[in-house]
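These notes concern the structure reproduced below.
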2 protein chains.
Amino acid sequence: MDIEDLATDEKIKYVQDTLFVVSGKWKLPILIAISQGSERFRDIQRSVPPITTRVLSKELKDLEQNKLVRRTVYDTSPVVVEYTVSPYCKSLKPLVDEMIKWGVNHRKKVTES
Amino acid sequence: MDIEDLATDEKIKYVQDTLFVVSGKWKLPILIAISQGSERFRDIQRSVPPITTRVLSKELKDLEQNKLVRRTVYDTSPVVVEYTVSPYCKSLKPLVDEMIKWGVNHRKKVTES
């Protein structure tokens, strides 16, 4: 499908759908941290400052419900809980890459003016 | 610059910068509506349902401060106020296109399961 063929209201609707899933201060940073190897709660928390325990816990639950994160509990002693990104989460990569690029450019823009 | 060379914490920082500007339910939909030809307040409001007058007014002010939207007042009778996107706003297009694509794909994903 060519997105240029979409009507304005359709474009807006799809952007709103996407924003509903990835918007907010934390969700994408958490997904980046997990995908880059932070699999334990404390590791994720350290990688995404300054998120609180309470907020990280809530966000991980949301991401699990949206099928972007998988939570695995290992029946060891003590119990180990690991978070990994789902295969579906990888579909966000082109979007996240564009966000990084825009962020780099925006910082240049802001500092030069 | 190759974004793959960035460290995880830098990637997260740039994504957070970008989210700070474009996050939330309304900013990108408003920018899309304006860039597609809705230049008057009421036209924008109609294009981005169900935004309230109060919220649209606040969001337009934020977007103007971030240099993404220009507000022009024509000294006619009655006074005409027009909103247009800035040249800088156009730098968001690749990001918005990725959001539309992801939204289209996400809808398919959600409806098929």
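Residues are named by chain letter and number: chains run A, B, ... in the order of the structure tokens, numbers start at 1 in each chain, and ligands are numbered from 1 in the order shown.
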Contact table chain B vs chain A, cut-off 8 Å, shortest pair per residue, only C-alpha atoms, as a Markdown table:
| residue | atom | partner | partner_atom | distance |
| --- | --- | --- | --- | --- |
| B:Ile3 | CA | A:Lys101 | CA | 7.2 |
| B:Thr8 | CA | A:Gln36 | CA | 6.9 |
| B:Asp9 | CA | A:Ser47 | CA | 6.8 |
| B:Lys11 | CA | A:Ile100 | CA | 6.1 |
| B:Ile12 | CA | A:Pro29 | CA | 5.2 |
| B:Tyr14 | CA | A:Gly103 | CA | 4.6 |
| B:Val15 | CA | A:Ile100 | CA | 5.2 |
| B:Gln16 | CA | A:Lys25 | CA | 6.5 |
| B:Asp17 | CA | A:Gly103 | CA | 5.7 |
| B:Thr18 | CA | A:Gly103 | CA | 5.0 |
| B:Leu19 | CA | A:Lys25 | CA | 6.7 |
| B:Phe20 | CA | A:Lys25 | CA | 7.2 |
| B:Ser23 | CA | A:Ser23 | CA | 5.4 |
| B:Gly24 | CA | A:Ser23 | CA | 6.0 |
| B:Lys25 | CA | A:Gln16 | CA | 6.5 |
| B:Trp26 | CA | A:Gln16 | CA | 7.9 |
| B:Leu28 | CA | A:Val15 | CA | 7.5 |
| B:Pro29 | CA | A:Ile12 | CA | 5.2 |
| B:Ile32 | CA | A:Ile12 | CA | 6.9 |
| B:Ala33 | CA | A:Thr8 | CA | 6.9 |
| B:Gln36 | CA | A:Thr8 | CA | 6.9 |
| B:Ser47 | CA | A:Asp9 | CA | 6.8 |
| B:Val48 | CA | A:Ile12 | CA | 7.6 |
| B:Ser91 | CA | A:Trp102 | CA | 7.6 |
| B:Leu92 | CA | A:Trp102 | CA | 7.3 |
| B:Pro94 | CA | A:Glu98 | CA | 6.9 |
| B:Leu95 | CA | A:Glu98 | CA | 5.3 |
| B:Val96 | CA | A:Val15 | CA | 7.2 |
| B:Asp97 | CA | A:Ile3 | CA | 7.5 |
| B:Glu98 | CA | A:Leu95 | CA | 5.3 |
| B:Met99 | CA | A:Val15 | CA | 5.4 |
| B:Ile100 | CA | A:Val15 | CA | 5.2 |
| B:Lys101 | CA | A:Ile3 | CA | 7.2 |
| B:Trp102 | CA | A:Thr18 | CA | 6.6 |
| B:Gly103 | CA | A:Tyr14 | CA | 4.6 |
| B:Val104 | CA | A:Tyr14 | CA | 6.1 |
| B:His106 | CA | A:Thr18 | CA | 7.8 |
**Request:** If you run DSSP over the backbone, which residues in range 15-74 of chain A end up strand (DSSP E or B)? Put them as a ChimeraX atom specification.
**Result:** /A:69-74
**Prompt:** DSSP on the backbone: what in chain B comes out alpha helix (DSSP H), as JSON, numbers by chain?
**Reply:** {"B": [8, 9, 10, 11, 12, 13, 14, 15, 16, 17, 18, 19, 20, 21, 22, 27, 28, 29, 30, 31, 32, 33, 34, 35, 41, 42, 43, 44, 45, 46, 47, 53, 54, 55, 56, 57, 58, 59, 60, 61, 62, 63, 64, 65, 93, 94, 95, 96, 97, 98, 99, 100, 101, 102, 103, 104, 105, 106, 107, 108, 109, 110, 111, 112]}
**Prompt:** If you measure from CA of Val73 in chain B to CA of Arg54 in chain B, what distance in Å do you get, rounded to one decimal?
**Reply:**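 It comes out at 19.3 Å.
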**Message:** Taking only C-alpha atoms into account, name the residue in B:Leu56, B:Ile44, B:Val81, B:Cys89 that is nearest to Leu68 in chain B.
**Reply:**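 Of all the options, B:Cys89 lies closest to Leu68 in chain B.
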**Message:** Which residues are near Val55 in chain A? Cut-off 10 Å, only C-alpha atoms, ignore same chain within fewer than 5 positions. Put them as a list in words.
**Reply:**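 Using only C-alpha atoms, the neighbours found are Trp26, Gln45, Leu60 and Lys61 of chain A.
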Once you have the residues from the selection above, write them out as a short mmCIF file (atom, residue, chain, number, x, y, z; two decimals), in the first residue's frame, restricted to N, CA and C atoms.
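So result02.cif came out as:
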data_model
loop_
_atom_site.label_atom_id
_atom_site.label_comp_id
_atom_site.auth_asym_id
_atom_site.auth_seq_id
_atom_site.Cartn_x
_atom_site.Cartn_y
_atom_site.Cartn_z
N TRP A 26 8.23 6.90 28.30
CA TRP A 26 9.01 5.73 28.71
C TRP A 26 8.98 4.53 27.78
N GLN A 45 15.80 -0.55 34.66
CA GLN A 45 15.64 0.70 35.42
C GLN A 45 16.90 1.57 35.35
N LEU A 60 5.92 -1.88 31.99
CA LEU A 60 6.23 -3.24 31.52
C LEU A 60 4.94 -4.05 31.35
N LYS A 61 3.99 -3.85 32.26
CA LYS A 61 2.71 -4.55 32.15
C LYS A 61 1.97 -4.14 30.88
#
**Asked** Separation of CA of Glu64 in chain A and CA of Ser77 in chain A, in Å?
**Response**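 CA of Ser77 in chain A lies at a distance of 24.1 Å from CA of Glu64 in chain A.
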**Prompt:** Quick one, how far is CA of Tyr83 in chain A from CA of Val69 in chain A?
**Reply:**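 Spanning CA of Tyr83 in chain A to CA of Val69 in chain A is a straight-line distance of 6.7 Å.
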